[in-house]
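Enquirer: This structure is in structure tokens; I'll ask about it shortly.
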Amino acid sequence: MALLEVQGVSVSFRRARGWFGHEENLVIQDLDLSVNEGEIVAVVGASGSGKSVLAQAIMGILPANAKLEGRISYAGETLTLERQLHLRGDELVYIPQSVSYLDPLLKVGRQVHPVSQKTGRKHGSTLRSTMQKAEQELTGRYGLPHGTSGKYPFELSGGMARRVLMATATSGAPKLIIADEPTPGIHPEVLSETMKHFRQLANEGVGILWITHDITTALTAADRISVFYAGFNVETAQVCDFTGKGERLRHPYTKALWSALPQNEFQPLSGTQPVAGWQRVEGCSFAPRCIKATTDCTNERPELRKVRGGEVRCIHAT
Ligand SMILES: Nc1ncnc2c1ncn2[C@@H]1O[C@H](COP(=O)(O)OP(=O)(O)OP(=O)(O)O)[C@@H](O)[C@H]1O
Ligand code: NI
């Protein structure tokens, strides 16, 4: 049984159109994904492919105009809104994409050890010892200057605020971490330290879903990679599949991402990803840019299939 299981999940946003009408914008479609205990699963994909919406769906923090279909389960039980609320901040933690999630009116040291949802108390005892622990964590593991715990968020740079968010998420005893772009703007040395820390947490049994633009870094720390394209996950591959000319990869988009990396052929992919949900795509959403596309690709939507120990949404994949 996987720690986190996302099955057939779709998310749409409703927005007003004209005087009385409204329209539904489907931004994630029929998504299947799992994270096991002790596993780091990276989610990669272009901007707007639905990565953050998935994170919000798992955390139970989608905006009110969003509609969620399908099933998300944690430790074998469906994640209802009530359960999400109960687990959030304890076993289930979130590193948001935006640093604006930090409370602007609270010194960062008080945010590093979050208040437990269950007991209403800080992990640990007095405020003073909490601040001391936070200071140690921030200056030690996250390489921030002394005195950071006593600062307010507006006194920090973007990269520093990100490190504080990371410390906030990993300071308790999380079992599942949903990290949405936790690393941009972070100094390379701190980055490699952060990755080591994630790996260490995973080795202790924590499951991590790690959303990122940076495939190269993801490949150094993740176990599996799930690739998003226009609201679909087109492939989930093992990290070891990313090798050579990408012959072990299953989907043409994943192969294109791999070839576009500077250390490979640096071969850019022409065209742009369709904006999720606006045009209703009948067949495969990648077909207009795909070198392998045939008429079958534009007629029917490919199902997610198991191929060579991974999963792929392409009728031509073998
Ligand atoms: N609150 C919202 N209301 C309406 N549409 C939204 C909302 N939040 C996200 N979307 C739409 O959902 C789609 C997916 O957005 P999402 O933020 O998940 O992308 P992403 O993959 O995280 O991109 P990035 O890499 O830039 O963070 C986009 O088309 C976006 O405009
Ligand atoms: Ni995002």
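Residues in the structure tokens are numbered from 1 in each chain, the chains being A, B, ... in the order shown, and ligands are numbered from 1 in the order shown.
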Could I get the residues of region 141-221 of chain A with an atom no further than 10 Å from an atom of region 2-18 of chain A, each paired with its nearest atom pair and that distance in Å to one decimal, using only C-alpha atoms, sorted by chain and residue number, as JSON lines?
Expert:
{"residue": "A:Lys175", "atom": "CA", "partner": "A:Leu3", "partner_atom": "CA", "distance": 8.6}
{"residue": "A:Leu176", "atom": "CA", "partner": "A:Leu3", "partner_atom": "CA", "distance": 7.8}
{"residue": "A:Val206", "atom": "CA", "partner": "A:Leu3", "partner_atom": "CA", "distance": 9.1}
{"residue": "A:Gly207", "atom": "CA", "partner": "A:Leu3", "partner_atom": "CA", "distance": 7.1}
{"residue": "A:Ile208", "atom": "CA", "partner": "A:Leu4", "partner_atom": "CA", "distance": 9.5}
{"residue": "A:Leu209", "atom": "CA", "partner": "A:Leu4", "partner_atom": "CA", "distance": 9.2}
Enquirer: Give me the residues within 8 Å of Asn233 (chain A) as a ChimeraX atom specification, counting only C-alpha atoms and dropping any in the same chain fewer than 3 places off.
Expert: /A:31-32,226-229,236,313
Enquirer: Can you work out which one of A:Leu304, A:Ile177, A:Val312, A:Ala230 has the shortest atom-to-atom distance to ligand 1, counting only C-alpha atoms and all ligand atoms?
Expert: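 For ligand 1, the nearest of the given residues is A:Ala230.
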Enquirer: Which residues, written as a PDB file with N, CA and C atoms, in the first residue's frame, have at least one atom at most 12 Å from Gly185 (chain A), with only C-alpha atoms counted and residues fewer than 3 positions away on the same chain left out?
Expert:
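File selection-v3.pdb, as written:
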ATOM      1  N   VAL A  99       6.577  32.255  -1.045  1.00  0.00           N
ATOM      2  CA  VAL A  99       7.050  32.550   0.314  1.00  0.00           C
ATOM      3  C   VAL A  99       6.058  33.421   1.076  1.00  0.00           C
ATOM      4  N   SER A 157      15.674  37.775   2.360  1.00  0.00           N
ATOM      5  CA  SER A 157      15.641  37.700   0.891  1.00  0.00           C
ATOM      6  C   SER A 157      14.756  36.512   0.495  1.00  0.00           C
ATOM      7  N   GLY A 158      14.439  36.411  -0.796  1.00  0.00           N
ATOM      8  CA  GLY A 158      13.595  35.300  -1.268  1.00  0.00           C
ATOM      9  C   GLY A 158      14.205  33.938  -0.956  1.00  0.00           C
ATOM     10  N   GLY A 159      15.508  33.806  -1.210  1.00  0.00           N
ATOM     11  CA  GLY A 159      16.192  32.526  -0.968  1.00  0.00           C
ATOM     12  C   GLY A 159      16.202  32.173   0.515  1.00  0.00           C
ATOM     13  N   MET A 160      16.383  33.194   1.367  1.00  0.00           N
ATOM     14  CA  MET A 160      16.384  32.946   2.817  1.00  0.00           C
ATOM     15  C   MET A 160      14.989  32.518   3.271  1.00  0.00           C
ATOM     16  N   ALA A 161      13.966  33.201   2.759  1.00  0.00           N
ATOM     17  CA  ALA A 161      12.590  32.876   3.152  1.00  0.00           C
ATOM     18  C   ALA A 161      12.249  31.430   2.763  1.00  0.00           C
ATOM     19  N   ARG A 162      12.759  31.007   1.611  1.00  0.00           N
ATOM     20  CA  ARG A 162      12.531  29.646   1.157  1.00  0.00           C
ATOM     21  C   ARG A 162      13.142  28.624   2.111  1.00  0.00           C
ATOM     22  N   ARG A 163      14.340  28.968   2.593  1.00  0.00           N
ATOM     23  CA  ARG A 163      15.000  28.059   3.540  1.00  0.00           C
ATOM     24  C   ARG A 163      14.217  27.994   4.858  1.00  0.00           C
ATOM     25  N   GLU A 181       8.259  23.470  -5.469  1.00  0.00           N
ATOM     26  CA  GLU A 181       9.391  24.319  -5.882  1.00  0.00           C
ATOM     27  C   GLU A 181      10.157  24.846  -4.677  1.00  0.00           C
ATOM     28  N   PRO A 182      10.694  23.958  -3.842  1.00  0.00           N
ATOM     29  CA  PRO A 182      11.345  24.462  -2.635  1.00  0.00           C
ATOM     30  C   PRO A 182      12.729  25.053  -2.866  1.00  0.00           C
ATOM     31  N   PRO A 188      23.900  26.974  -4.465  1.00  0.00           N
ATOM     32  CA  PRO A 188      24.197  25.569  -4.786  1.00  0.00           C
ATOM     33  C   PRO A 188      24.641  24.722  -3.597  1.00  0.00           C
ATOM     34  N   GLU A 189      25.436  25.306  -2.696  1.00  0.00           N
ATOM     35  CA  GLU A 189      25.890  24.500  -1.547  1.00  0.00           C
ATOM     36  C   GLU A 189      24.730  24.145  -0.623  1.00  0.00           C
ATOM     37  N   VAL A 190      23.881  25.138  -0.381  1.00  0.00           N
ATOM     38  CA  VAL A 190      22.727  24.888   0.489  1.00  0.00           C
ATOM     39  C   VAL A 190      21.785  23.910  -0.208  1.00  0.00           C
ATOM     40  N   LEU A 191      21.714  24.030  -1.543  1.00  0.00           N
ATOM     41  CA  LEU A 191      20.863  23.133  -2.323  1.00  0.00           C
ATOM     42  C   LEU A 191      21.291  21.681  -2.107  1.00  0.00           C
ATOM     43  N   ASP A 214      13.354  21.880 -12.154  1.00  0.00           N
ATOM     44  CA  ASP A 214      14.748  21.548 -12.355  1.00  0.00           C
ATOM     45  C   ASP A 214      14.955  20.030 -12.428  1.00  0.00           C
TER      46      ASP A 214
END
Enquirer: If you run DSSP on this backbone, which residues of region 103-190 of chain A come out as strand (DSSP E), and could you give them as an MDAnalysis selection string?
Expert: chainID A and resid 176:180
Enquirer: What are the closest atom pairs, with distances in Å to one decimal, for all residues of chain A lying within 9 Å of ligand 1? Consider only C-alpha atoms and all ligand atoms, order rows by chain and residue number, and present the result as CSV.
Expert:
residue,atom,partner,partner_atom_place_in_ligand_line,distance
A:Val11,CA,ligand 1,12 (O),8.7
A:Ser12,CA,ligand 1,5 (N),7.9
A:Phe13,CA,ligand 1,4 (C),5.2
A:Arg14,CA,ligand 1,4 (C),7.3
A:Arg15,CA,ligand 1,4 (C),7.5
A:Asn25,CA,ligand 1,5 (N),7.2
A:Leu26,CA,ligand 1,12 (O),7.9
A:Val27,CA,ligand 1,12 (O),5.0
A:Ile28,CA,ligand 1,14 (C),7.4
A:Val44,CA,ligand 1,21 (O),8.1
A:Gly45,CA,ligand 1,21 (O),6.3
A:Ala46,CA,ligand 1,25 (O),5.7
A:Ser47,CA,ligand 1,25 (O),3.4
A:Gly48,CA,ligand 1,19 (O),3.4
A:Ser49,CA,ligand 1,21 (O),3.9
A:Gly50,CA,ligand 1,18 (O),3.2
A:Lys51,CA,ligand 1,21 (O),3.8
A:Ser52,CA,ligand 1,22 (O),3.7
A:Val53,CA,ligand 1,18 (O),3.8
A:Leu54,CA,ligand 1,18 (O),6.5
A:Ala55,CA,ligand 1,18 (O),7.9
A:Gln56,CA,ligand 1,18 (O),8.4
A:Leu62,CA,ligand 1,1 (N),7.4
A:Pro63,CA,ligand 1,1 (N),5.7
A:Ala64,CA,ligand 1,1 (N),8.4
A:Asn65,CA,ligand 1,3 (N),7.1
A:Ala66,CA,ligand 1,3 (N),7.2
A:Gln97,CA,ligand 1,27 (O),7.2
A:Asp180,CA,ligand 1,22 (O),7.9
A:Glu181,CA,ligand 1,27 (O),7.6
A:Ile211,CA,ligand 1,22 (O),8.1
A:Thr212,CA,ligand 1,25 (O),7.4
A:His213,CA,ligand 1,25 (O),6.5
A:Phe228,CA,ligand 1,21 (O),7.7
A:Tyr229,CA,ligand 1,21 (O),8.6
A:Ala230,CA,ligand 1,14 (C),8.0
A:Gly231,CA,ligand 1,14 (C),7.0
A:Val275,CA,ligand 1,29 (O),5.6
A:Ala276,CA,ligand 1,29 (O),5.1
A:Gly277,CA,ligand 1,29 (O),7.2
A:Trp278,CA,ligand 1,29 (O),8.4
Enquirer: Take the residues from that selection and write them out as a PDB file, in the first residue's frame, keeping C-alpha atoms.
Expert:
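selection09.pdb, written as the output of this step:
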ATOM      1  CA  VAL A  11      -9.592  19.506 -10.854  1.00  0.00           C
ATOM      2  CA  SER A  12     -11.578  22.217 -12.578  1.00  0.00           C
ATOM      3  CA  PHE A  13     -12.048  25.895 -11.790  1.00  0.00           C
ATOM      4  CA  ARG A  14     -15.349  27.606 -12.262  1.00  0.00           C
ATOM      5  CA  ARG A  15     -15.424  31.160 -13.432  1.00  0.00           C
ATOM      6  CA  ASN A  25     -11.765  25.172 -16.770  1.00  0.00           C
ATOM      7  CA  LEU A  26     -10.354  21.659 -16.391  1.00  0.00           C
ATOM      8  CA  VAL A  27      -6.726  22.033 -15.312  1.00  0.00           C
ATOM      9  CA  ILE A  28      -5.866  18.517 -14.115  1.00  0.00           C
ATOM     10  CA  VAL A  44       8.289  17.979 -13.352  1.00  0.00           C
ATOM     11  CA  GLY A  45       6.542  19.887 -16.101  1.00  0.00           C
ATOM     12  CA  ALA A  46       6.284  23.282 -17.724  1.00  0.00           C
ATOM     13  CA  SER A  47       4.658  26.263 -16.067  1.00  0.00           C
ATOM     14  CA  GLY A  48       0.874  25.904 -15.969  1.00  0.00           C
ATOM     15  CA  SER A  49       0.873  22.103 -16.318  1.00  0.00           C
ATOM     16  CA  GLY A  50      -1.034  21.675 -13.043  1.00  0.00           C
ATOM     17  CA  LYS A  51       1.718  20.808 -10.555  1.00  0.00           C
ATOM     18  CA  SER A  52       0.745  23.292  -7.833  1.00  0.00           C
ATOM     19  CA  VAL A  53      -2.955  22.541  -8.251  1.00  0.00           C
ATOM     20  CA  LEU A  54      -2.163  18.891  -7.509  1.00  0.00           C
ATOM     21  CA  ALA A  55      -0.233  19.936  -4.373  1.00  0.00           C
ATOM     22  CA  GLN A  56      -3.176  22.046  -3.215  1.00  0.00           C
ATOM     23  CA  LEU A  62      -7.856  24.395  -3.211  1.00  0.00           C
ATOM     24  CA  PRO A  63      -9.730  27.679  -3.620  1.00  0.00           C
ATOM     25  CA  ALA A  64     -13.506  27.675  -3.224  1.00  0.00           C
ATOM     26  CA  ASN A  65     -14.175  27.843  -6.980  1.00  0.00           C
ATOM     27  CA  ALA A  66     -12.315  24.558  -7.562  1.00  0.00           C
ATOM     28  CA  GLN A  97       5.646  27.624  -3.872  1.00  0.00           C
ATOM     29  CA  ASP A 180       6.272  22.837  -4.235  1.00  0.00           C
ATOM     30  CA  GLU A 181       9.391  24.319  -5.882  1.00  0.00           C
ATOM     31  CA  ILE A 211       7.504  19.598  -7.461  1.00  0.00           C
ATOM     32  CA  THR A 212      10.233  21.237  -9.503  1.00  0.00           C
ATOM     33  CA  HIS A 213      11.244  22.804 -12.805  1.00  0.00           C
ATOM     34  CA  PHE A 228       3.203  16.636 -16.380  1.00  0.00           C
ATOM     35  CA  TYR A 229       2.008  18.098 -19.648  1.00  0.00           C
ATOM     36  CA  ALA A 230      -1.051  20.351 -19.945  1.00  0.00           C
ATOM     37  CA  GLY A 231      -2.841  18.862 -16.939  1.00  0.00           C
ATOM     38  CA  VAL A 275      -3.104  26.232 -21.736  1.00  0.00           C
ATOM     39  CA  ALA A 276      -4.765  23.544 -19.630  1.00  0.00           C
ATOM     40  CA  GLY A 277      -8.496  23.360 -19.940  1.00  0.00           C
ATOM     41  CA  TRP A 278      -9.186  26.117 -22.434  1.00  0.00           C
TER      42      TRP A 278
END
Enquirer: Where does DSSP see alpha helix (DSSP H) in region 157-197 of chain A, if you list the residues as a PyMOL selection string?
Expert: chain A and resi 158-170+188-197
Enquirer: In Å to one decimal, how far is CA of Thr194 (chain A) from CA of Leu138 (chain A)?
Expert: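 Atom-to-atom, CA of Leu138 (chain A) to CA of Thr194 (chain A), that is 11.8 Å.
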